[in-house]
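A short worksheet on the structure shown next.
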Amino acid sequence: MAGCEVLAFLFCERASSSSDGKASLHGIFDEIVLSSPRRPLVSYLGAREPTDFFVFYKAVVDQPCILSLKVFYPSGRELPNPLWIDPINQGGLVQSVWEIETEFFVQSGTYKFEMWHNSSARLVTAYLDVIHAAP
């Protein structure tokens with residue numbers, strides 16, 4: 001796509017960055033298991049229910065633009081959330097993370113994630129399998 005090239009698009013449990021811009025991703029995955037919404041997960045030996053995860057991206061843009069994320073339920077309906085928007089102020093290499101709360105994923109199934117350039121061109125599509133543990 002002219003204007004933007006996506007170099008990486010990953011789901012991870014945690015993401016951090018250093019003062020020099022180096023990103024560290026922890027727990028890269030393509031499937032997430034959540035407890036039933038009716039049953040809280042009991043902590044066992046430090047294990048905890050994930051409350052959020054991250055979508056990391058790295059891209060090259062040729063000029064200022066807006067990069068955004070759209071997420072779709074297994075039914076195809078879009079999750080309403082205008083918070084996953086990054087205004088890019090200059091061209092070059094960019095990387096960032098979007099924090100995603102697990103409370104959006106109320107049903108098991110395959111969710112579709114799309115990264116968009118200026119809300120007019122889809123750059124990448126990725127899928128996340130969400131599995132709810134039995135109550």
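Residues in the structure tokens are named by chain (A, B, ... in the order shown) and by number from 1 within that chain; ligands are numbered from 1 in the order shown.
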Selection: 9 Å around Trp84 of chain A, only C-alpha atoms, excl. self and same-chain fewer than 6 positions, as a list in words: Leu67, Ser68, Leu69, Lys70, Trp98, Glu99 and Ile100 of chain A
For the selection you just gave me, I'd like the residues written to a file as a CSV table (one decimal), in the first residue's frame, keeping N, CA, C and O atoms.
```csv
chain,number,residue,atom,x,y,z
A,67,LEU,N,-3.2,6.0,12.0
A,67,LEU,CA,-3.3,4.6,12.0
A,67,LEU,C,-4.4,4.2,13.1
A,67,LEU,O,-4.4,4.8,14.2
A,68,SER,N,-5.2,3.3,12.7
A,68,SER,CA,-6.3,2.9,13.7
A,68,SER,C,-6.6,1.4,13.6
A,68,SER,O,-6.1,0.7,12.7
A,69,LEU,N,-7.3,0.9,14.6
A,69,LEU,CA,-7.6,-0.5,14.8
A,69,LEU,C,-9.1,-0.7,14.9
A,69,LEU,O,-9.8,0.0,15.6
A,70,LYS,N,-9.6,-1.6,14.1
A,70,LYS,CA,-11.0,-2.0,14.2
A,70,LYS,C,-11.0,-3.5,14.6
A,70,LYS,O,-10.2,-4.3,14.1
A,98,TRP,N,-1.5,-1.0,21.3
A,98,TRP,CA,-2.9,-0.6,21.7
A,98,TRP,C,-3.3,-1.6,22.8
A,98,TRP,O,-3.1,-2.8,22.6
A,99,GLU,N,-3.8,-1.1,23.9
A,99,GLU,CA,-4.2,-1.9,25.0
A,99,GLU,C,-5.7,-2.3,24.7
A,99,GLU,O,-6.5,-1.5,24.5
A,100,ILE,N,-5.9,-3.6,24.8
A,100,ILE,CA,-7.2,-4.2,24.6
A,100,ILE,C,-7.7,-4.8,25.9
A,100,ILE,O,-7.1,-5.7,26.4
```
Strand (DSSP E or B) residues, from DSSP on the backbone, in chain A, as a PyMOL selection string: chain A and resi 4-17+23-29+31-34+52-61+65-72+78+85-88+92-101+109-117+121-132
Spatial neighbours of segment 73-83 of chain A, 9 Å, only C-alpha atoms, chain gap at least 5 places, as number ranges by chain: A: 68, 98, 104-105, 107-112
Pick from A:Gln90, A:Gln95, A:Ser120, A:Thr102, whichever lies nearest to Gly21 of chain A using only C-alpha atoms: A:Gln95
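Considering only C-alpha atoms, the residue among A:Val106, A:Ile32, A:Leu123, A:Ile88 positioned nearest to Glu5 of chain A is A:Leu123.
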Neighbour list for segment 56-59 of chain A as a PyMOL selection string, cut-off 12 Å, only C-alpha atoms, skip fewer than 5 positions in-chain: chain A and resi 1+3-17+21-29+65-69+84+86+88+91-100+113-117+123-124+126
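Non-sequential neighbours of segment 33-35 of chain A (distance at most 6 Å, separation of 4 or more positions within a chain, only C-alpha atoms) are Ile131, His132 and Ala133 of chain A.
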Could you take the residues named above and write them with C-alpha atoms, as a compact mmCIF listing (two decimals), in the first residue's frame?
```
# COMPACT_ATOMS: atom_id res chain seq x y z
CA ILE A 131 -11.99 -19.50 24.22
CA HIS A 132 -14.04 -19.33 27.41
CA ALA A 133 -13.26 -21.97 30.02
```
Pairwise distance for atom CA of Phe72 of chain A and atom CA of Tyr127 of chain A, rounded to one decimal in Å: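 Spanning atom CA of Phe72 of chain A to atom CA of Tyr127 of chain A is a straight-line distance of 9.6 Å.
The spacing separating atom CA of Val130 of chain A from atom CA of Ile85 of chain A amounts to 23.1 Å.
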